[in-house]
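Listing of structure-v2.txt; format and content: compact mmCIF, N, CA and C atoms.
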```txt
# COMPACT_ATOMS: atom_id res chain seq x y z
N ILE A 1 33.66 22.86 -6.46
CA ILE A 1 32.40 23.31 -7.02
C ILE A 1 31.44 23.70 -5.89
N LEU A 2 31.47 22.96 -4.79
CA LEU A 2 30.58 23.29 -3.68
C LEU A 2 30.85 24.69 -3.14
N PHE A 3 32.13 24.99 -2.85
CA PHE A 3 32.44 26.28 -2.23
C PHE A 3 32.29 27.42 -3.22
N ARG A 4 32.69 27.24 -4.45
CA ARG A 4 32.69 28.34 -5.41
C ARG A 4 31.35 28.55 -6.10
N TRP A 5 30.41 27.61 -5.90
CA TRP A 5 29.14 27.76 -6.59
C TRP A 5 27.96 27.58 -5.63
N ALA A 6 27.76 26.37 -5.13
CA ALA A 6 26.58 26.09 -4.31
C ALA A 6 26.59 26.86 -2.99
N TYR A 7 27.70 26.81 -2.26
CA TYR A 7 27.77 27.52 -0.99
C TYR A 7 27.70 29.03 -1.19
N LEU A 8 28.36 29.51 -2.23
CA LEU A 8 28.32 30.95 -2.50
C LEU A 8 26.90 31.41 -2.80
N LEU A 9 26.21 30.70 -3.66
CA LEU A 9 24.84 31.10 -4.00
C LEU A 9 23.91 31.02 -2.80
N SER A 10 24.03 29.95 -2.02
CA SER A 10 23.17 29.85 -0.83
C SER A 10 23.57 30.90 0.20
N GLY A 11 24.86 31.24 0.28
CA GLY A 11 25.30 32.28 1.20
C GLY A 11 24.73 33.64 0.83
N ILE A 12 24.67 33.93 -0.46
CA ILE A 12 24.11 35.20 -0.91
C ILE A 12 22.64 35.31 -0.51
N VAL A 13 21.90 34.23 -0.70
CA VAL A 13 20.48 34.22 -0.33
C VAL A 13 20.32 34.35 1.18
N MET A 14 21.12 33.60 1.94
CA MET A 14 20.98 33.59 3.40
C MET A 14 21.32 34.94 4.03
N VAL A 15 22.36 35.62 3.55
CA VAL A 15 22.69 36.92 4.14
C VAL A 15 21.59 37.94 3.86
N GLN A 16 20.92 37.81 2.72
CA GLN A 16 19.81 38.72 2.44
C GLN A 16 18.61 38.43 3.32
N VAL A 17 18.35 37.14 3.58
CA VAL A 17 17.25 36.76 4.47
C VAL A 17 17.53 37.26 5.88
N PHE A 18 18.73 37.00 6.39
CA PHE A 18 19.06 37.45 7.74
C PHE A 18 19.14 38.97 7.84
N ASP A 19 19.57 39.62 6.80
CA ASP A 19 19.58 41.08 6.80
C ASP A 19 18.16 41.62 6.89
N TRP A 20 17.24 41.00 6.20
CA TRP A 20 15.85 41.42 6.26
C TRP A 20 15.30 41.21 7.67
N LEU A 21 15.65 40.06 8.28
CA LEU A 21 15.18 39.78 9.64
C LEU A 21 15.80 40.72 10.67
N LEU A 22 17.02 41.18 10.42
CA LEU A 22 17.71 42.06 11.36
C LEU A 22 17.53 43.53 11.02
N GLY A 23 16.35 43.89 10.60
CA GLY A 23 16.01 45.30 10.40
C GLY A 23 15.73 45.71 8.98
N GLY A 24 16.04 44.87 8.03
CA GLY A 24 15.82 45.23 6.64
C GLY A 24 14.36 45.40 6.28
N PHE A 25 13.48 44.69 6.98
CA PHE A 25 12.05 44.79 6.71
C PHE A 25 11.52 46.18 7.07
N TYR A 26 12.20 46.87 7.97
CA TYR A 26 11.74 48.18 8.42
C TYR A 26 12.55 49.33 7.83
N PHE A 27 13.87 49.16 7.78
CA PHE A 27 14.76 50.24 7.36
C PHE A 27 15.21 50.14 5.90
N GLY A 28 14.89 49.07 5.22
CA GLY A 28 15.36 48.88 3.85
C GLY A 28 16.64 48.07 3.80
N HIS A 29 17.55 48.34 4.73
CA HIS A 29 18.77 47.56 4.89
C HIS A 29 18.93 47.26 6.37
N GLY A 30 19.37 46.06 6.65
CA GLY A 30 19.50 45.65 8.03
C GLY A 30 20.92 45.71 8.55
N LEU A 31 21.12 45.05 9.67
CA LEU A 31 22.40 45.06 10.35
C LEU A 31 23.51 44.41 9.52
N LEU A 32 23.22 43.32 8.83
CA LEU A 32 24.25 42.65 8.03
C LEU A 32 24.75 43.55 6.91
N HIS A 33 23.86 44.29 6.30
CA HIS A 33 24.26 45.23 5.25
C HIS A 33 25.23 46.26 5.80
N LEU A 34 24.90 46.82 6.96
CA LEU A 34 25.77 47.82 7.57
C LEU A 34 27.13 47.25 7.94
N VAL A 35 27.15 46.07 8.54
CA VAL A 35 28.41 45.46 8.94
C VAL A 35 29.25 45.12 7.71
N GLN A 36 28.62 44.59 6.67
CA GLN A 36 29.37 44.22 5.46
C GLN A 36 29.93 45.45 4.75
N THR A 37 29.12 46.47 4.58
CA THR A 37 29.56 47.62 3.78
C THR A 37 30.48 48.57 4.54
N HIS A 38 30.42 48.57 5.88
CA HIS A 38 31.22 49.53 6.63
C HIS A 38 32.34 48.92 7.46
N VAL A 39 32.30 47.60 7.71
CA VAL A 39 33.33 46.99 8.55
C VAL A 39 34.02 45.83 7.83
N LEU A 40 33.29 44.73 7.66
CA LEU A 40 33.91 43.51 7.12
C LEU A 40 34.36 43.66 5.67
N GLY A 41 33.52 44.26 4.85
CA GLY A 41 33.88 44.43 3.44
C GLY A 41 35.15 45.22 3.23
N PRO A 42 35.27 46.42 3.85
CA PRO A 42 36.51 47.18 3.69
C PRO A 42 37.75 46.47 4.25
N ILE A 43 37.60 45.76 5.37
CA ILE A 43 38.75 45.03 5.92
C ILE A 43 39.16 43.91 4.97
N ALA A 44 38.19 43.14 4.49
CA ALA A 44 38.51 42.06 3.54
C ALA A 44 39.06 42.62 2.24
N ASP A 45 38.58 43.79 1.84
CA ASP A 45 39.09 44.43 0.63
C ASP A 45 40.57 44.79 0.79
N LEU A 46 40.95 45.21 1.98
CA LEU A 46 42.37 45.49 2.23
C LEU A 46 43.21 44.23 2.10
N THR A 47 42.68 43.11 2.61
CA THR A 47 43.46 41.86 2.55
C THR A 47 43.60 41.34 1.13
N THR A 48 42.72 41.75 0.24
CA THR A 48 42.81 41.32 -1.16
C THR A 48 43.43 42.42 -2.04
N LEU A 49 43.98 43.44 -1.39
CA LEU A 49 44.63 44.56 -2.08
C LEU A 49 43.72 45.25 -3.09
N GLY A 50 42.44 45.29 -2.78
CA GLY A 50 41.47 45.99 -3.61
C GLY A 50 41.02 45.25 -4.85
N SER A 51 41.49 44.01 -5.04
CA SER A 51 41.13 43.28 -6.25
C SER A 51 39.67 42.81 -6.27
N MET A 52 39.04 42.77 -5.11
CA MET A 52 37.65 42.31 -5.03
C MET A 52 36.73 43.43 -4.54
N SER A 53 37.14 44.68 -4.66
CA SER A 53 36.38 45.79 -4.09
C SER A 53 34.99 45.94 -4.68
N GLU A 54 34.81 45.55 -5.92
CA GLU A 54 33.47 45.68 -6.52
C GLU A 54 32.45 44.80 -5.83
N PHE A 55 32.89 43.76 -5.12
CA PHE A 55 31.98 42.90 -4.36
C PHE A 55 32.06 43.16 -2.87
N LEU A 56 33.26 43.39 -2.36
CA LEU A 56 33.44 43.47 -0.91
C LEU A 56 33.09 44.84 -0.34
N ALA A 57 33.37 45.90 -1.05
CA ALA A 57 33.21 47.23 -0.49
C ALA A 57 32.21 48.08 -1.26
N HIS A 58 31.29 47.46 -1.93
CA HIS A 58 30.31 48.21 -2.73
C HIS A 58 28.92 47.94 -2.18
N THR A 59 28.12 48.99 -2.03
CA THR A 59 26.81 48.81 -1.42
C THR A 59 25.81 48.08 -2.32
N ASP A 60 25.99 48.14 -3.63
CA ASP A 60 25.05 47.46 -4.53
C ASP A 60 25.25 45.95 -4.56
N THR A 61 26.46 45.50 -4.35
CA THR A 61 26.76 44.06 -4.41
C THR A 61 27.17 43.52 -3.04
N TRP A 62 26.67 44.13 -1.98
CA TRP A 62 27.08 43.75 -0.63
C TRP A 62 26.75 42.29 -0.33
N ALA A 63 25.63 41.79 -0.84
CA ALA A 63 25.22 40.40 -0.53
C ALA A 63 26.19 39.40 -1.16
N VAL A 64 26.70 39.71 -2.34
CA VAL A 64 27.69 38.83 -2.96
C VAL A 64 28.96 38.83 -2.12
N GLY A 65 29.39 40.00 -1.67
CA GLY A 65 30.58 40.08 -0.82
C GLY A 65 30.39 39.36 0.50
N ALA A 66 29.24 39.54 1.13
CA ALA A 66 28.97 38.87 2.40
C ALA A 66 28.87 37.36 2.21
N GLY A 67 28.24 36.92 1.13
CA GLY A 67 28.18 35.49 0.84
C GLY A 67 29.57 34.92 0.56
N MET A 68 30.39 35.71 -0.12
CA MET A 68 31.76 35.27 -0.41
C MET A 68 32.56 35.15 0.89
N LEU A 69 32.43 36.11 1.80
CA LEU A 69 33.16 36.04 3.06
C LEU A 69 32.69 34.86 3.91
N ALA A 70 31.39 34.63 3.96
CA ALA A 70 30.88 33.50 4.73
C ALA A 70 31.36 32.17 4.15
N THR A 71 31.34 32.07 2.85
CA THR A 71 31.82 30.85 2.19
C THR A 71 33.31 30.66 2.40
N ASN A 72 34.06 31.75 2.32
CA ASN A 72 35.50 31.65 2.50
C ASN A 72 35.86 31.29 3.95
N LEU A 73 35.06 31.73 4.91
CA LEU A 73 35.29 31.33 6.30
C LEU A 73 35.10 29.82 6.45
N ALA A 74 34.08 29.28 5.81
CA ALA A 74 33.87 27.83 5.87
C ALA A 74 35.01 27.09 5.17
N TYR A 75 35.47 27.62 4.06
CA TYR A 75 36.60 27.02 3.35
C TYR A 75 37.85 27.03 4.23
N ARG A 76 38.10 28.17 4.85
CA ARG A 76 39.25 28.30 5.75
C ARG A 76 39.14 27.34 6.92
N ASP A 77 37.96 27.27 7.54
CA ASP A 77 37.78 26.39 8.69
C ASP A 77 37.90 24.92 8.32
N GLY A 78 37.63 24.59 7.07
CA GLY A 78 37.80 23.22 6.61
C GLY A 78 39.26 22.80 6.52
N HIS A 79 40.16 23.76 6.69
CA HIS A 79 41.60 23.47 6.62
C HIS A 79 42.29 23.72 7.96
N LYS A 80 41.55 23.61 9.06
CA LYS A 80 42.14 23.82 10.39
C LYS A 80 43.22 22.80 10.71
N TYR A 81 43.13 21.63 10.10
CA TYR A 81 44.13 20.60 10.34
C TYR A 81 45.52 21.01 9.88
N THR A 82 45.63 22.07 9.07
CA THR A 82 46.92 22.52 8.57
C THR A 82 47.65 23.44 9.55
N GLY A 83 47.03 23.74 10.69
CA GLY A 83 47.65 24.60 11.68
C GLY A 83 47.34 26.07 11.45
N LYS A 84 47.92 26.91 12.29
CA LYS A 84 47.63 28.34 12.22
C LYS A 84 48.08 28.96 10.90
N PHE A 85 49.27 28.59 10.45
CA PHE A 85 49.75 29.12 9.17
C PHE A 85 48.83 28.67 8.04
N GLY A 86 48.41 27.42 8.07
CA GLY A 86 47.54 26.89 7.02
C GLY A 86 46.19 27.57 6.99
N VAL A 87 45.65 27.92 8.16
CA VAL A 87 44.36 28.61 8.23
C VAL A 87 44.48 30.00 7.60
N VAL A 88 45.52 30.72 7.96
CA VAL A 88 45.72 32.06 7.37
C VAL A 88 45.98 31.94 5.88
N ASN A 89 46.82 30.99 5.50
CA ASN A 89 47.13 30.77 4.09
C ASN A 89 45.87 30.44 3.29
N ASN A 90 45.02 29.59 3.85
CA ASN A 90 43.81 29.20 3.13
C ASN A 90 42.79 30.32 3.03
N TRP A 91 42.84 31.30 3.96
CA TRP A 91 41.99 32.47 3.81
C TRP A 91 42.36 33.21 2.53
N PHE A 92 43.66 33.47 2.35
CA PHE A 92 44.12 34.20 1.17
C PHE A 92 43.96 33.38 -0.10
N ILE A 93 44.24 32.09 -0.02
CA ILE A 93 44.08 31.22 -1.20
C ILE A 93 42.61 31.17 -1.61
N GLY A 94 41.72 31.06 -0.63
CA GLY A 94 40.28 31.04 -0.94
C GLY A 94 39.83 32.31 -1.62
N MET A 95 40.31 33.45 -1.15
CA MET A 95 39.95 34.71 -1.79
C MET A 95 40.55 34.80 -3.19
N ALA A 96 41.75 34.26 -3.37
CA ALA A 96 42.36 34.25 -4.71
C ALA A 96 41.54 33.38 -5.65
N PHE A 97 41.02 32.26 -5.14
CA PHE A 97 40.19 31.40 -5.99
C PHE A 97 38.89 32.10 -6.37
N PHE A 98 38.31 32.89 -5.44
CA PHE A 98 37.13 33.67 -5.80
C PHE A 98 37.46 34.69 -6.87
N TYR A 99 38.61 35.34 -6.74
CA TYR A 99 39.03 36.30 -7.77
C TYR A 99 39.14 35.61 -9.13
N LEU A 100 39.78 34.44 -9.14
CA LEU A 100 39.91 33.70 -10.40
C LEU A 100 38.54 33.32 -10.96
N MET A 101 37.64 32.89 -10.08
CA MET A 101 36.33 32.49 -10.54
C MET A 101 35.56 33.67 -11.14
N PHE A 102 35.57 34.79 -10.46
CA PHE A 102 34.83 35.95 -10.95
C PHE A 102 35.48 36.56 -12.19
N THR A 103 36.78 36.40 -12.33
CA THR A 103 37.49 36.99 -13.47
C THR A 103 37.54 36.05 -14.67
N TYR A 104 37.86 34.78 -14.43
CA TYR A 104 38.09 33.84 -15.53
C TYR A 104 37.11 32.68 -15.59
N GLY A 105 36.28 32.50 -14.57
CA GLY A 105 35.29 31.45 -14.58
C GLY A 105 35.60 30.34 -13.58
N LEU A 106 34.59 29.53 -13.32
CA LEU A 106 34.70 28.45 -12.34
C LEU A 106 35.73 27.41 -12.75
N LEU A 107 35.80 27.08 -14.02
CA LEU A 107 36.75 26.07 -14.49
C LEU A 107 38.20 26.52 -14.23
N ALA A 108 38.49 27.77 -14.42
CA ALA A 108 39.84 28.28 -14.17
C ALA A 108 40.19 28.15 -12.69
N ALA A 109 39.24 28.48 -11.81
CA ALA A 109 39.49 28.36 -10.37
C ALA A 109 39.73 26.90 -9.98
N ILE A 110 38.97 26.00 -10.57
CA ILE A 110 39.15 24.56 -10.29
C ILE A 110 40.51 24.09 -10.76
N LEU A 111 40.90 24.48 -11.96
CA LEU A 111 42.19 24.05 -12.50
C LEU A 111 43.36 24.59 -11.67
N VAL A 112 43.28 25.85 -11.27
CA VAL A 112 44.35 26.41 -10.45
C VAL A 112 44.39 25.73 -9.09
N HIS A 113 43.23 25.40 -8.53
CA HIS A 113 43.19 24.68 -7.26
C HIS A 113 43.86 23.32 -7.39
N ILE A 114 43.59 22.62 -8.47
CA ILE A 114 44.22 21.32 -8.71
C ILE A 114 45.74 21.48 -8.83
N LEU A 115 46.18 22.46 -9.61
CA LEU A 115 47.62 22.70 -9.76
C LEU A 115 48.27 23.07 -8.42
N TYR A 116 47.60 23.90 -7.64
CA TYR A 116 48.11 24.28 -6.33
C TYR A 116 48.28 23.05 -5.44
N ASP A 117 47.24 22.19 -5.41
CA ASP A 117 47.32 20.97 -4.60
C ASP A 117 48.44 20.06 -5.08
N LEU A 118 48.61 19.94 -6.39
CA LEU A 118 49.68 19.09 -6.92
C LEU A 118 51.07 19.63 -6.55
N VAL A 119 51.23 20.93 -6.56
CA VAL A 119 52.50 21.52 -6.14
C VAL A 119 52.76 21.23 -4.67
N ILE A 120 51.76 21.40 -3.82
CA ILE A 120 51.92 21.12 -2.39
C ILE A 120 52.26 19.65 -2.17
N ILE A 121 51.56 18.75 -2.85
CA ILE A 121 51.84 17.32 -2.73
C ILE A 121 53.26 17.02 -3.19
N GLY A 122 53.69 17.64 -4.28
CA GLY A 122 55.04 17.44 -4.78
C GLY A 122 56.10 17.92 -3.81
N VAL A 123 55.88 19.07 -3.19
CA VAL A 123 56.84 19.60 -2.22
C VAL A 123 56.93 18.68 -1.01
N VAL A 124 55.79 18.22 -0.51
CA VAL A 124 55.79 17.30 0.63
C VAL A 124 56.50 16.01 0.27
N TYR A 125 56.26 15.48 -0.92
CA TYR A 125 56.92 14.24 -1.34
C TYR A 125 58.43 14.44 -1.44
N LEU A 126 58.87 15.54 -2.06
CA LEU A 126 60.30 15.81 -2.17
C LEU A 126 60.94 15.98 -0.78
N ASP A 127 60.23 16.60 0.12
CA ASP A 127 60.75 16.74 1.48
C ASP A 127 60.91 15.38 2.14
N MET A 128 59.95 14.48 1.92
CA MET A 128 60.06 13.13 2.48
C MET A 128 61.25 12.39 1.89
N VAL A 129 61.49 12.54 0.59
CA VAL A 129 62.62 11.88 -0.06
C VAL A 129 63.93 12.41 0.52
N VAL A 130 64.04 13.72 0.67
CA VAL A 130 65.26 14.31 1.22
C VAL A 130 65.46 13.87 2.66
N GLU A 131 64.40 13.86 3.45
CA GLU A 131 64.52 13.43 4.84
C GLU A 131 64.94 11.95 4.93
N ARG A 132 64.41 11.11 4.08
CA ARG A 132 64.81 9.70 4.05
C ARG A 132 66.27 9.56 3.66
N PHE A 133 66.69 10.34 2.67
CA PHE A 133 68.07 10.30 2.21
C PHE A 133 69.03 10.70 3.33
N ARG A 134 68.63 11.66 4.14
CA ARG A 134 69.46 12.11 5.26
C ARG A 134 69.35 11.19 6.47
N GLY A 135 68.48 10.22 6.41
CA GLY A 135 68.34 9.27 7.50
C GLY A 135 67.49 9.77 8.65
N ARG A 136 66.60 10.71 8.38
CA ARG A 136 65.75 11.27 9.43
C ARG A 136 64.35 10.72 9.40
N ALA A 137 64.04 9.83 8.52
CA ALA A 137 62.67 9.35 8.39
C ALA A 137 62.33 8.33 9.43
```
Would you mind writing the file out in structure tokens?
Amino acid sequence: ILFRWAYLLSGIVMVQVFDWLLGGFYFGHGLLHLVQTHVLGPIADLTTLGSMSEFLAHTDTWAVGAGMLATNLAYRDGHKYTGKFGVVNNWFIGMAFFYLMFTYGLLAAILVHILYDLVIIGVVYLDMVVERFRGRA
């Protein structure tokens, strides 16, 4: 709930504040708007295969896309203990959870996250059982 709701909403507000401070007060749009709409948004849109383009690569909803990317970076960094593969995996999983939230609602994203975690826990447990059976534990 924190990442998909509270952090996202605060991220949207913060990117707009910083955009205003970085030139938006004078030019109408600041540096963050330009970076999001012309660099980061299109790159992130490629990684999501265009499924989030209405937020990531659109000038009208740039703040939502920038808030989503900032929140997803924090989500990804919270999983650094999983190693390099885990960090990359959590980037894509985090974006998939945002897609689920925007398409089906917050409850659907939470439920899929729980199911995903249960599958991972089950795979790790089965691996431990197999390793014990083989005498490698």
#### Entry: Minimum-distance residue to A:Asn90, chosen among A:Thr103, A:Asp77, A:Val130, A:Thr61 (using all atoms listed in the file)
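Looking only at the distances to A:Asn90, the closest residue turns out to be A:Asp77.
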As a check of understanding: the span from atom CA of A:Tyr116 to atom CA of A:Phe133 is 25.8 Å
As a PyMOL selection string, please: every residue in chain A that DSSP puts in alpha helix (DSSP H).
chain A and resi 7-19+25-27+31-35+41-47+53-56+62-77+83-104+106-133
Where is the centre and how long are the edges: axis-aligned box on stretch 106-121 of chain A, 5 Å on each side, Å to one decimal, as AutoDock Vina command-line options:
```
--center_x 43.9 --center_y 23.3 --center_z -8.3 --size_x 28.7 --size_y 22.5 --size_z 22.3
```
Shell of 6 Å around stretch 66-70 of chain A, all atoms listed in the file, local chain residues under 2 positions omitted, as number ranges by chain = A: 8, 11-12, 62-64, 72-74
message: Please list as a VMD selection string every residue within 7 Å of A:Leu32, counting only N, CA and C atoms and excluding residues in the same chain fewer than 4 positions away.
response: chain A and resid 15 18 to 20 22 36 to 37
Please identify all polymer residues within 9 Å of stretch 91-98 of chain A, counting only C-alpha atoms, omitting same-chain residues fewer than 4 positions from it, and present them as a list in words.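 Within the cut-off, the hits are Arg4, Thr47, Thr48, Met52, Met68, Leu69, Asn72, Leu73, Tyr75, Arg76, Asp77, Gly86, Val87, Phe102, Thr103, Leu106, Ala108, Ala109, Ile110, Val112 and His113 of chain A.
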Selection to disk with N, CA and C atoms, as a compact mmCIF listing (two decimals), in the coordinates of the input:
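Dumped to part-v9.txt:
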```txt
# COMPACT_ATOMS: atom_id res chain seq x y z
N ARG A 4 32.69 27.24 -4.45
CA ARG A 4 32.69 28.34 -5.41
C ARG A 4 31.35 28.55 -6.10
N THR A 47 42.68 43.11 2.61
CA THR A 47 43.46 41.86 2.55
C THR A 47 43.60 41.34 1.13
N THR A 48 42.72 41.75 0.24
CA THR A 48 42.81 41.32 -1.16
C THR A 48 43.43 42.42 -2.04
N MET A 52 39.04 42.77 -5.11
CA MET A 52 37.65 42.31 -5.03
C MET A 52 36.73 43.43 -4.54
N MET A 68 30.39 35.71 -0.12
CA MET A 68 31.76 35.27 -0.41
C MET A 68 32.56 35.15 0.89
N LEU A 69 32.43 36.11 1.80
CA LEU A 69 33.16 36.04 3.06
C LEU A 69 32.69 34.86 3.91
N ASN A 72 34.06 31.75 2.32
CA ASN A 72 35.50 31.65 2.50
C ASN A 72 35.86 31.29 3.95
N LEU A 73 35.06 31.73 4.91
CA LEU A 73 35.29 31.33 6.30
C LEU A 73 35.10 29.82 6.45
N TYR A 75 35.47 27.62 4.06
CA TYR A 75 36.60 27.02 3.35
C TYR A 75 37.85 27.03 4.23
N ARG A 76 38.10 28.17 4.85
CA ARG A 76 39.25 28.30 5.75
C ARG A 76 39.14 27.34 6.92
N ASP A 77 37.96 27.27 7.54
CA ASP A 77 37.78 26.39 8.69
C ASP A 77 37.90 24.92 8.32
N GLY A 86 48.41 27.42 8.07
CA GLY A 86 47.54 26.89 7.02
C GLY A 86 46.19 27.57 6.99
N VAL A 87 45.65 27.92 8.16
CA VAL A 87 44.36 28.61 8.23
C VAL A 87 44.48 30.00 7.60
N PHE A 102 35.57 34.79 -10.46
CA PHE A 102 34.83 35.95 -10.95
C PHE A 102 35.48 36.56 -12.19
N THR A 103 36.78 36.40 -12.33
CA THR A 103 37.49 36.99 -13.47
C THR A 103 37.54 36.05 -14.67
N LEU A 106 34.59 29.53 -13.32
CA LEU A 106 34.70 28.45 -12.34
C LEU A 106 35.73 27.41 -12.75
N ALA A 108 38.49 27.77 -14.42
CA ALA A 108 39.84 28.28 -14.17
C ALA A 108 40.19 28.15 -12.69
N ALA A 109 39.24 28.48 -11.81
CA ALA A 109 39.49 28.36 -10.37
C ALA A 109 39.73 26.90 -9.98
N ILE A 110 38.97 26.00 -10.57
CA ILE A 110 39.15 24.56 -10.29
C ILE A 110 40.51 24.09 -10.76
N VAL A 112 43.28 25.85 -11.27
CA VAL A 112 44.35 26.41 -10.45
C VAL A 112 44.39 25.73 -9.09
N HIS A 113 43.23 25.40 -8.53
CA HIS A 113 43.19 24.68 -7.26
C HIS A 113 43.86 23.32 -7.39
```
Discussion item. So the first atom is atom C of A:Phe85 and the second is atom C of A:Gly135; what is the distance between them in Å, to one decimal place?
Written reply: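 Separation of atom C of A:Phe85 and atom C of A:Gly135: 26.6 Å.
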In Å and to one decimal, atom CA of A:Tyr7 is distant from atom CA of A:Gly122 by 29.3 Å
Which residue gives the smallest distance to A:Ile43 among A:Gly83, A:Gly65, A:Gly28, A:Gly105, with only C-alpha atoms counted?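 Residue with the minimum atom-to-atom distance to A:Ile43: A:Gly65.
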Select stretch 84-95 of chain A in the preceding structure and write N, CA, C and O atoms to a file as a PDB file, in the first residue's frame.
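Writing done, so here's part_27.pdb:
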```pdb
ATOM      1  N   LYS A  84      21.967  -8.771  -8.197  1.00  0.00           N
ATOM      2  CA  LYS A  84      21.772  -8.026  -9.444  1.00  0.00           C
ATOM      3  C   LYS A  84      20.547  -8.505 -10.217  1.00  0.00           C
ATOM      4  O   LYS A  84      19.773  -7.702 -10.727  1.00  0.00           O
ATOM      5  N   PHE A  85      20.382  -9.817 -10.297  1.00  0.00           N
ATOM      6  CA  PHE A  85      19.211 -10.347 -11.000  1.00  0.00           C
ATOM      7  C   PHE A  85      17.929  -9.905 -10.291  1.00  0.00           C
ATOM      8  O   PHE A  85      16.963  -9.514 -10.941  1.00  0.00           O
ATOM      9  N   GLY A  86      17.927  -9.955  -8.973  1.00  0.00           N
ATOM     10  CA  GLY A  86      16.751  -9.567  -8.206  1.00  0.00           C
ATOM     11  C   GLY A  86      16.402  -8.102  -8.378  1.00  0.00           C
ATOM     12  O   GLY A  86      15.220  -7.738  -8.437  1.00  0.00           O
ATOM     13  N   VAL A  87      17.411  -7.242  -8.483  1.00  0.00           N
ATOM     14  CA  VAL A  87      17.171  -5.811  -8.673  1.00  0.00           C
ATOM     15  C   VAL A  87      16.510  -5.569 -10.033  1.00  0.00           C
ATOM     16  O   VAL A  87      15.521  -4.849 -10.129  1.00  0.00           O
ATOM     17  N   VAL A  88      17.052  -6.193 -11.059  1.00  0.00           N
ATOM     18  CA  VAL A  88      16.457  -6.037 -12.404  1.00  0.00           C
ATOM     19  C   VAL A  88      15.058  -6.642 -12.429  1.00  0.00           C
ATOM     20  O   VAL A  88      14.112  -6.038 -12.960  1.00  0.00           O
ATOM     21  N   ASN A  89      14.911  -7.819 -11.844  1.00  0.00           N
ATOM     22  CA  ASN A  89      13.610  -8.483 -11.791  1.00  0.00           C
ATOM     23  C   ASN A  89      12.587  -7.618 -11.064  1.00  0.00           C
ATOM     24  O   ASN A  89      11.445  -7.480 -11.523  1.00  0.00           O
ATOM     25  N   ASN A  90      12.987  -7.012  -9.957  1.00  0.00           N
ATOM     26  CA  ASN A  90      12.044  -6.196  -9.186  1.00  0.00           C
ATOM     27  C   ASN A  90      11.685  -4.902  -9.892  1.00  0.00           C
ATOM     28  O   ASN A  90      10.618  -4.339  -9.636  1.00  0.00           O
ATOM     29  N   TRP A  91      12.551  -4.407 -10.793  1.00  0.00           N
ATOM     30  CA  TRP A  91      12.169  -3.255 -11.598  1.00  0.00           C
ATOM     31  C   TRP A  91      10.958  -3.616 -12.459  1.00  0.00           C
ATOM     32  O   TRP A  91       9.952  -2.921 -12.482  1.00  0.00           O
ATOM     33  N   PHE A  92      11.054  -4.750 -13.160  1.00  0.00           N
ATOM     34  CA  PHE A  92       9.964  -5.168 -14.042  1.00  0.00           C
ATOM     35  C   PHE A  92       8.727  -5.585 -13.254  1.00  0.00           C
ATOM     36  O   PHE A  92       7.601  -5.268 -13.656  1.00  0.00           O
ATOM     37  N   ILE A  93       8.923  -6.270 -12.139  1.00  0.00           N
ATOM     38  CA  ILE A  93       7.784  -6.678 -11.307  1.00  0.00           C
ATOM     39  C   ILE A  93       7.074  -5.438 -10.755  1.00  0.00           C
ATOM     40  O   ILE A  93       5.840  -5.370 -10.748  1.00  0.00           O
ATOM     41  N   GLY A  94       7.847  -4.454 -10.313  1.00  0.00           N
ATOM     42  CA  GLY A  94       7.241  -3.218  -9.801  1.00  0.00           C
ATOM     43  C   GLY A  94       6.415  -2.512 -10.857  1.00  0.00           C
ATOM     44  O   GLY A  94       5.314  -2.011 -10.583  1.00  0.00           O
ATOM     45  N   MET A  95       6.926  -2.458 -12.080  1.00  0.00           N
ATOM     46  CA  MET A  95       6.166  -1.827 -13.158  1.00  0.00           C
ATOM     47  C   MET A  95       4.915  -2.643 -13.488  1.00  0.00           C
ATOM     48  O   MET A  95       3.858  -2.080 -13.778  1.00  0.00           O
TER      49      MET A  95
END
```
